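So this block is protein20.txt, compact mmCIF, N, CA and C atoms:
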```txt
# COMPACT_ATOMS: atom_id res chain seq x y z
N MET W 30 80.64 127.88 89.56
CA MET W 30 81.58 126.78 89.40
C MET W 30 81.62 125.95 90.66
N GLN W 31 81.63 124.66 90.45
CA GLN W 31 81.73 123.77 91.60
C GLN W 31 83.19 123.58 91.98
N SER W 32 83.40 123.52 93.26
CA SER W 32 84.74 123.27 93.77
C SER W 32 84.86 121.78 94.08
N ILE W 33 85.92 121.19 93.59
CA ILE W 33 86.14 119.77 93.85
C ILE W 33 87.26 119.66 94.87
N LEU W 34 86.93 119.04 95.98
CA LEU W 34 87.91 118.84 97.04
C LEU W 34 88.47 117.43 96.92
N ILE W 35 89.75 117.35 96.70
CA ILE W 35 90.39 116.04 96.59
C ILE W 35 91.19 115.81 97.86
N MET W 36 90.83 114.76 98.57
CA MET W 36 91.53 114.42 99.81
C MET W 36 92.74 113.56 99.49
N LYS W 37 93.87 113.99 99.99
CA LYS W 37 95.07 113.18 99.84
C LYS W 37 94.99 112.00 100.79
N ARG W 38 95.49 110.86 100.35
CA ARG W 38 95.57 109.69 101.22
C ARG W 38 96.57 110.00 102.33
N ARG W 39 96.32 109.46 103.51
CA ARG W 39 97.13 109.77 104.69
C ARG W 39 98.10 108.63 104.99
N ILE W 40 99.37 108.99 105.12
CA ILE W 40 100.41 108.00 105.40
C ILE W 40 101.11 108.39 106.69
N LEU W 41 101.30 107.41 107.56
CA LEU W 41 102.07 107.58 108.78
C LEU W 41 103.41 106.88 108.59
N ILE W 42 104.49 107.64 108.70
CA ILE W 42 105.84 107.10 108.61
C ILE W 42 106.37 106.92 110.02
N VAL W 43 106.87 105.72 110.30
CA VAL W 43 107.43 105.41 111.62
C VAL W 43 108.88 105.01 111.40
N GLU W 44 109.79 105.92 111.69
CA GLU W 44 111.21 105.71 111.38
C GLU W 44 112.06 106.52 112.35
N ASP W 45 113.00 105.86 113.03
CA ASP W 45 113.84 106.56 113.99
C ASP W 45 115.04 107.25 113.34
N GLU W 46 115.46 106.79 112.19
CA GLU W 46 116.62 107.37 111.52
C GLU W 46 116.19 108.64 110.79
N LEU W 47 116.76 109.76 111.21
CA LEU W 47 116.35 111.07 110.68
C LEU W 47 116.46 111.16 109.16
N GLY W 48 117.56 110.70 108.59
CA GLY W 48 117.74 110.80 107.14
C GLY W 48 116.70 110.02 106.36
N ALA W 49 116.43 108.79 106.79
CA ALA W 49 115.42 107.96 106.11
C ALA W 49 114.03 108.54 106.28
N ARG W 50 113.74 109.06 107.48
CA ARG W 50 112.43 109.66 107.74
C ARG W 50 112.21 110.88 106.85
N ARG W 51 113.20 111.75 106.78
CA ARG W 51 113.07 112.95 105.95
C ARG W 51 112.98 112.60 104.46
N LEU W 52 113.72 111.59 104.04
CA LEU W 52 113.65 111.17 102.64
C LEU W 52 112.24 110.71 102.29
N MET W 53 111.65 109.86 103.13
CA MET W 53 110.28 109.39 102.85
C MET W 53 109.28 110.54 102.89
N GLU W 54 109.43 111.46 103.85
CA GLU W 54 108.54 112.62 103.91
C GLU W 54 108.65 113.45 102.63
N TYR W 55 109.87 113.66 102.16
CA TYR W 55 110.11 114.44 100.95
C TYR W 55 109.52 113.75 99.72
N LEU W 56 109.80 112.45 99.58
CA LEU W 56 109.34 111.73 98.40
C LEU W 56 107.83 111.59 98.33
N LEU W 57 107.20 111.39 99.47
CA LEU W 57 105.76 111.12 99.49
C LEU W 57 104.91 112.36 99.76
N GLY W 58 105.51 113.40 100.33
CA GLY W 58 104.76 114.59 100.75
C GLY W 58 104.04 115.32 99.63
N ALA W 59 104.52 115.25 98.42
CA ALA W 59 103.86 115.94 97.30
C ALA W 59 102.58 115.24 96.88
N TYR W 60 102.46 113.96 97.19
CA TYR W 60 101.33 113.17 96.71
C TYR W 60 100.36 112.72 97.82
N TYR W 61 100.85 112.73 99.04
CA TYR W 61 100.07 112.23 100.16
C TYR W 61 100.19 113.17 101.35
N GLN W 62 99.23 113.06 102.26
CA GLN W 62 99.32 113.78 103.53
C GLN W 62 100.18 112.91 104.45
N VAL W 63 101.36 113.38 104.79
CA VAL W 63 102.33 112.56 105.52
C VAL W 63 102.55 113.10 106.93
N THR W 64 102.55 112.19 107.88
CA THR W 64 102.93 112.48 109.26
C THR W 64 104.04 111.49 109.61
N ALA W 65 105.03 111.95 110.36
CA ALA W 65 106.14 111.08 110.72
C ALA W 65 106.37 111.10 112.23
N VAL W 66 106.66 109.92 112.76
CA VAL W 66 107.02 109.75 114.17
C VAL W 66 108.26 108.87 114.23
N THR W 67 108.85 108.76 115.43
CA THR W 67 110.15 108.10 115.53
C THR W 67 110.14 106.68 116.09
N ASN W 68 108.99 106.19 116.55
CA ASN W 68 108.93 104.80 117.03
C ASN W 68 107.49 104.32 117.11
N GLY W 69 107.34 103.03 117.36
CA GLY W 69 106.02 102.42 117.39
C GLY W 69 105.11 102.97 118.47
N LYS W 70 105.67 103.29 119.61
CA LYS W 70 104.86 103.84 120.71
C LYS W 70 104.26 105.19 120.31
N GLU W 71 105.06 106.04 119.65
CA GLU W 71 104.55 107.33 119.18
C GLU W 71 103.46 107.13 118.12
N ALA W 72 103.62 106.12 117.28
CA ALA W 72 102.62 105.84 116.24
C ALA W 72 101.29 105.45 116.87
N ILE W 73 101.33 104.58 117.85
CA ILE W 73 100.10 104.16 118.52
C ILE W 73 99.46 105.34 119.24
N HIS W 74 100.26 106.17 119.89
CA HIS W 74 99.74 107.36 120.55
C HIS W 74 99.07 108.29 119.55
N PHE W 75 99.69 108.49 118.39
CA PHE W 75 99.13 109.33 117.33
C PHE W 75 97.76 108.80 116.91
N LEU W 76 97.64 107.50 116.73
CA LEU W 76 96.37 106.90 116.33
C LEU W 76 95.35 106.93 117.47
N ASP W 77 95.81 106.71 118.69
CA ASP W 77 94.91 106.75 119.85
C ASP W 77 94.29 108.13 120.05
N GLU W 78 94.95 109.17 119.54
CA GLU W 78 94.40 110.53 119.64
C GLU W 78 93.28 110.77 118.63
N GLY W 79 92.96 109.76 117.84
CA GLY W 79 91.86 109.89 116.88
C GLY W 79 92.29 110.19 115.46
N ASN W 80 93.58 110.25 115.22
CA ASN W 80 94.08 110.48 113.86
C ASN W 80 93.90 109.21 113.03
N GLU W 81 93.45 109.38 111.81
CA GLU W 81 93.25 108.25 110.92
C GLU W 81 94.29 108.27 109.82
N VAL W 82 94.71 107.07 109.41
CA VAL W 82 95.68 106.94 108.32
C VAL W 82 95.21 105.84 107.36
N ASP W 83 95.68 105.94 106.13
CA ASP W 83 95.35 104.95 105.11
C ASP W 83 96.46 103.91 104.97
N LEU W 84 97.65 104.24 105.48
CA LEU W 84 98.81 103.36 105.33
C LEU W 84 99.85 103.74 106.37
N ILE W 85 100.54 102.73 106.90
CA ILE W 85 101.67 102.95 107.79
C ILE W 85 102.90 102.36 107.13
N ILE W 86 103.96 103.18 107.04
CA ILE W 86 105.25 102.71 106.56
C ILE W 86 106.17 102.74 107.77
N SER W 87 106.71 101.59 108.14
CA SER W 87 107.48 101.52 109.37
C SER W 87 108.80 100.79 109.20
N ASP W 88 109.82 101.38 109.80
CA ASP W 88 111.09 100.70 109.97
C ASP W 88 110.85 99.54 110.93
N ILE W 89 111.72 98.57 110.91
CA ILE W 89 111.58 97.44 111.82
C ILE W 89 112.37 97.66 113.10
N GLU W 90 113.60 98.09 112.97
CA GLU W 90 114.48 98.21 114.13
C GLU W 90 114.48 99.66 114.62
N MET W 91 113.79 99.87 115.76
CA MET W 91 113.68 101.19 116.37
C MET W 91 113.73 101.04 117.88
N PRO W 92 114.10 102.11 118.58
CA PRO W 92 114.07 102.05 120.05
C PRO W 92 112.64 102.15 120.57
N ILE W 93 112.46 101.86 121.81
CA ILE W 93 111.20 101.95 122.56
C ILE W 93 110.19 100.90 122.12
N MET W 94 109.72 100.93 120.88
CA MET W 94 108.84 99.88 120.35
C MET W 94 109.22 99.66 118.90
N THR W 95 109.65 98.46 118.57
CA THR W 95 110.08 98.15 117.20
C THR W 95 108.89 98.08 116.26
N GLY W 96 109.19 98.08 114.98
CA GLY W 96 108.13 97.93 113.99
C GLY W 96 107.42 96.60 114.11
N LEU W 97 108.16 95.54 114.41
CA LEU W 97 107.54 94.22 114.57
C LEU W 97 106.61 94.20 115.78
N GLU W 98 107.03 94.80 116.89
CA GLU W 98 106.17 94.88 118.08
C GLU W 98 104.92 95.70 117.79
N MET W 99 105.08 96.79 117.06
CA MET W 99 103.95 97.65 116.72
C MET W 99 102.94 96.91 115.84
N VAL W 100 103.42 96.24 114.81
CA VAL W 100 102.53 95.50 113.91
C VAL W 100 101.77 94.43 114.69
N THR W 101 102.48 93.68 115.51
CA THR W 101 101.84 92.62 116.31
C THR W 101 100.76 93.20 117.22
N TYR W 102 101.07 94.30 117.90
CA TYR W 102 100.11 94.96 118.78
C TYR W 102 98.89 95.43 117.99
N MET W 103 99.13 96.09 116.86
CA MET W 103 98.03 96.67 116.10
C MET W 103 97.15 95.61 115.45
N ARG W 104 97.71 94.50 115.05
CA ARG W 104 96.92 93.41 114.46
C ARG W 104 95.97 92.79 115.47
N ASP W 105 96.31 92.90 116.76
CA ASP W 105 95.45 92.37 117.82
C ASP W 105 94.38 93.35 118.28
N MET W 106 94.43 94.59 117.78
CA MET W 106 93.47 95.62 118.15
C MET W 106 92.48 95.81 117.00
N PRO W 107 91.21 95.46 117.18
CA PRO W 107 90.24 95.56 116.09
C PRO W 107 90.21 96.93 115.41
N VAL W 108 90.37 98.01 116.15
CA VAL W 108 90.29 99.35 115.58
C VAL W 108 91.44 99.62 114.60
N TYR W 109 92.56 98.92 114.76
CA TYR W 109 93.73 99.15 113.90
C TYR W 109 94.06 98.00 112.97
N SER W 110 93.38 96.90 113.11
CA SER W 110 93.78 95.66 112.42
C SER W 110 93.68 95.73 110.89
N GLU W 111 92.90 96.66 110.36
CA GLU W 111 92.73 96.75 108.91
C GLU W 111 93.68 97.75 108.24
N ILE W 112 94.46 98.48 109.03
CA ILE W 112 95.38 99.46 108.44
C ILE W 112 96.52 98.70 107.76
N PRO W 113 96.76 98.94 106.48
CA PRO W 113 97.86 98.25 105.81
C PRO W 113 99.22 98.82 106.23
N PHE W 114 100.21 97.94 106.20
CA PHE W 114 101.58 98.29 106.57
C PHE W 114 102.52 98.02 105.42
N ILE W 115 103.58 98.81 105.35
CA ILE W 115 104.76 98.49 104.57
C ILE W 115 105.92 98.54 105.56
N LEU W 116 106.64 97.45 105.68
CA LEU W 116 107.79 97.42 106.57
C LEU W 116 109.06 97.68 105.78
N VAL W 117 109.96 98.43 106.38
CA VAL W 117 111.20 98.84 105.74
C VAL W 117 112.36 98.37 106.60
N SER W 118 113.32 97.68 105.98
CA SER W 118 114.46 97.19 106.77
C SER W 118 115.58 96.72 105.87
N SER W 119 116.74 96.63 106.45
CA SER W 119 117.87 96.01 105.75
C SER W 119 117.87 94.50 105.99
N ARG W 120 116.97 94.02 106.84
CA ARG W 120 116.83 92.58 107.09
C ARG W 120 116.27 91.88 105.85
N ASP W 121 116.49 90.58 105.81
CA ASP W 121 115.94 89.74 104.75
C ASP W 121 114.43 89.61 104.94
N LYS W 122 113.67 89.68 103.85
CA LYS W 122 112.21 89.62 103.92
C LYS W 122 111.72 88.34 104.59
N SER W 123 112.35 87.21 104.32
CA SER W 123 111.89 85.95 104.92
C SER W 123 112.06 85.97 106.44
N ALA W 124 113.09 86.63 106.94
CA ALA W 124 113.27 86.74 108.39
C ALA W 124 112.15 87.57 109.01
N VAL W 125 111.72 88.60 108.31
CA VAL W 125 110.62 89.44 108.79
C VAL W 125 109.32 88.64 108.80
N GLU W 126 109.05 87.92 107.71
CA GLU W 126 107.83 87.11 107.65
C GLU W 126 107.81 86.05 108.74
N THR W 127 108.95 85.42 109.00
CA THR W 127 109.03 84.42 110.06
C THR W 127 108.78 85.06 111.42
N ALA W 128 109.38 86.23 111.66
CA ALA W 128 109.21 86.91 112.95
C ALA W 128 107.75 87.28 113.19
N LEU W 129 107.04 87.66 112.15
CA LEU W 129 105.64 88.06 112.29
C LEU W 129 104.67 86.88 112.18
N GLY W 130 105.15 85.77 111.65
CA GLY W 130 104.26 84.62 111.47
C GLY W 130 103.27 84.81 110.35
N TYR W 131 103.54 85.73 109.44
CA TYR W 131 102.66 85.99 108.30
C TYR W 131 103.19 85.28 107.07
N GLN W 132 102.28 84.95 106.17
CA GLN W 132 102.67 84.37 104.89
C GLN W 132 103.28 85.41 103.97
N GLU W 133 102.73 86.61 104.02
CA GLU W 133 103.19 87.66 103.10
C GLU W 133 103.26 88.99 103.85
N VAL W 134 104.33 89.71 103.61
CA VAL W 134 104.55 91.01 104.25
C VAL W 134 104.82 92.04 103.15
N ASN W 135 104.19 93.20 103.25
CA ASN W 135 104.54 94.31 102.37
C ASN W 135 105.88 94.84 102.87
N TYR W 136 106.87 94.79 102.04
CA TYR W 136 108.23 94.98 102.50
C TYR W 136 109.06 95.73 101.47
N ILE W 137 109.93 96.63 101.96
CA ILE W 137 110.90 97.33 101.10
C ILE W 137 112.27 97.23 101.77
N ASN W 138 113.27 96.90 100.97
CA ASN W 138 114.64 96.85 101.47
C ASN W 138 115.23 98.24 101.59
N LYS W 139 116.07 98.41 102.60
CA LYS W 139 116.92 99.60 102.70
C LYS W 139 118.23 99.26 102.01
N PRO W 140 118.90 100.21 101.42
CA PRO W 140 118.52 101.62 101.34
C PRO W 140 117.33 101.82 100.40
N LEU W 141 116.51 102.81 100.73
CA LEU W 141 115.30 103.10 99.97
C LEU W 141 115.62 103.58 98.57
N GLN W 142 114.86 103.06 97.61
CA GLN W 142 114.92 103.51 96.23
C GLN W 142 113.59 104.19 95.92
N PRO W 143 113.60 105.44 95.48
CA PRO W 143 112.34 106.17 95.26
C PRO W 143 111.31 105.41 94.41
N LYS W 144 111.71 104.84 93.29
CA LYS W 144 110.75 104.14 92.43
C LYS W 144 110.12 102.96 93.16
N THR W 145 110.92 102.23 93.92
CA THR W 145 110.41 101.09 94.68
C THR W 145 109.42 101.56 95.73
N LEU W 146 109.73 102.65 96.41
CA LEU W 146 108.83 103.20 97.43
C LEU W 146 107.50 103.61 96.80
N TYR W 147 107.54 104.40 95.73
CA TYR W 147 106.31 104.84 95.06
C TYR W 147 105.47 103.65 94.60
N ARG W 148 106.12 102.70 93.96
CA ARG W 148 105.42 101.54 93.42
C ARG W 148 104.73 100.73 94.53
N LYS W 149 105.45 100.49 95.63
CA LYS W 149 104.88 99.70 96.73
C LYS W 149 103.74 100.45 97.41
N VAL W 150 103.88 101.75 97.60
CA VAL W 150 102.81 102.54 98.23
C VAL W 150 101.55 102.49 97.36
N GLU W 151 101.71 102.70 96.06
CA GLU W 151 100.55 102.65 95.16
C GLU W 151 99.91 101.26 95.15
N GLU W 152 100.75 100.24 95.13
CA GLU W 152 100.23 98.86 95.14
C GLU W 152 99.41 98.58 96.39
N VAL W 153 99.93 98.93 97.54
CA VAL W 153 99.24 98.65 98.80
C VAL W 153 97.98 99.50 98.92
N LEU W 154 98.05 100.78 98.59
CA LEU W 154 96.86 101.63 98.68
C LEU W 154 95.77 101.21 97.69
N SER W 155 96.15 100.73 96.53
CA SER W 155 95.13 100.30 95.55
C SER W 155 94.38 99.06 96.04
N ARG W 156 95.04 98.22 96.83
CA ARG W 156 94.37 97.05 97.41
C ARG W 156 93.49 97.43 98.57
N ALA W 157 93.77 98.56 99.21
CA ALA W 157 93.04 98.98 100.41
C ALA W 157 91.75 99.72 100.09
N VAL W 158 91.51 100.02 98.83
CA VAL W 158 90.33 100.80 98.45
C VAL W 158 89.08 99.95 98.53
```
Starting from the coordinates I provided, produce the structure as structure tokens.
Amino acid sequence: MQSILIMKRRILIVEDELGARRLMEYLLGAYYQVTAVTNGKEAIHFLDEGNEVDLIISDIEMPIMTGLEMVTYMRDMPVYSEIPFILVSSRDKSAVETALGYQEVNYINKPLQPKTLYRKVEEVLSRAV
């Protein structure tokens, strides 16, 4: 019998709020390989160590390095520029798009709704294939 190895897609969660971070880990952990860190600087360090991810889900407002600062930094780095992002915030989506200077942002409002999270993750990952 042949063994079929199915690799789970890898998601990096960047969220300083413990409850939101644990919720996303719980909701996505059954379907994806999930790693979580608490700020943008930790996320960049994780990737600089050679870890690869298929998607980053990041809060916007965090200490040390915000989600907006992290996205801006990573978009300027060729090695990270193709990693898709989903930004999570209680801010208005248009304010986030203006801050980043992008036409379109993958975005989810807080408080997180499980169906919305699943749907957005699947949508973004299906475009990244």
Provide the CA of Glu71 (chain W) to CA of Asp121 (chain W) distance in Å, to one decimal place.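 Result for CA of Glu71 (chain W) versus CA of Asp121 (chain W): 25.4 Å, one decimal.
Closest approach to Ile73 (chain W) among W:Val117, W:Val153, W:Leu57, W:Met99: W:Met99, based on only N, CA and C atoms.
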Quick one: distance from CA of Ser118 (chain W) to CA of Leu56 (chain W) in Å, one decimal? 17.5 Å
If you measure from atom C of Tyr102 (chain W) to atom C of Gln142 (chain W), what distance in Å do you get, rounded to one decimal? 27.9 Å
Where in chain W does DSSP assign helix (DSSP H, G or I), given as a count of residues only? 53
Residue nearest Ser119 (chain W) - candidates W:Lys139, W:Arg38, W:Lys149, W:Arg51, atoms counted: only C-alpha atoms: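 Using only C-alpha atoms, the shortest distance to Ser119 (chain W) belongs to W:Lys139.
Among the candidates W:Met103, W:Ile40, W:Ile85, W:Met91, the one nearest to Leu116 (chain W) when counting only N, CA and C atoms is W:Ile85.
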Residues within 8 Å of Leu154 (chain W), all atoms listed in the file, excluding chain neighbours under 4 positions, as a compact mmCIF listing (two decimals) with N, CA and C atoms, in the frame of the given file:
```
# COMPACT_ATOMS: atom_id res chain seq x y z
N ASP W 83 95.68 105.94 106.13
CA ASP W 83 95.35 104.95 105.11
C ASP W 83 96.46 103.91 104.97
N LEU W 84 97.65 104.24 105.48
CA LEU W 84 98.81 103.36 105.33
C LEU W 84 99.85 103.74 106.37
N PRO W 113 96.76 98.94 106.48
CA PRO W 113 97.86 98.25 105.81
C PRO W 113 99.22 98.82 106.23
N ARG W 148 106.12 102.70 93.96
CA ARG W 148 105.42 101.54 93.42
C ARG W 148 104.73 100.73 94.53
N LYS W 149 105.45 100.49 95.63
CA LYS W 149 104.88 99.70 96.73
C LYS W 149 103.74 100.45 97.41
N VAL W 150 103.88 101.75 97.60
CA VAL W 150 102.81 102.54 98.23
C VAL W 150 101.55 102.49 97.36
N VAL W 158 91.51 100.02 98.83
CA VAL W 158 90.33 100.80 98.45
C VAL W 158 89.08 99.95 98.53
```
Have a look at W:Ile112, W:Met53, W:Leu146, W:Ile93 and name the one nearest to Glu81 (chain W); count only C-alpha atoms. W:Ile112
Between W:Ile42, W:Gly96, W:Asn138, W:Ala157, which has the minimum distance to Thr64 (chain W) (counting all atoms listed in the file)?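 Ranked by minimum distance to Thr64 (chain W), first place goes to W:Ile42.
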Would you please work out which residue, of W:Ser110, W:Ile115, W:Leu47, W:Gly69, is nearest to Thr145 (chain W) when using only C-alpha atoms?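 Checking each candidate against Thr145 (chain W), we get W:Ile115 as the closest.
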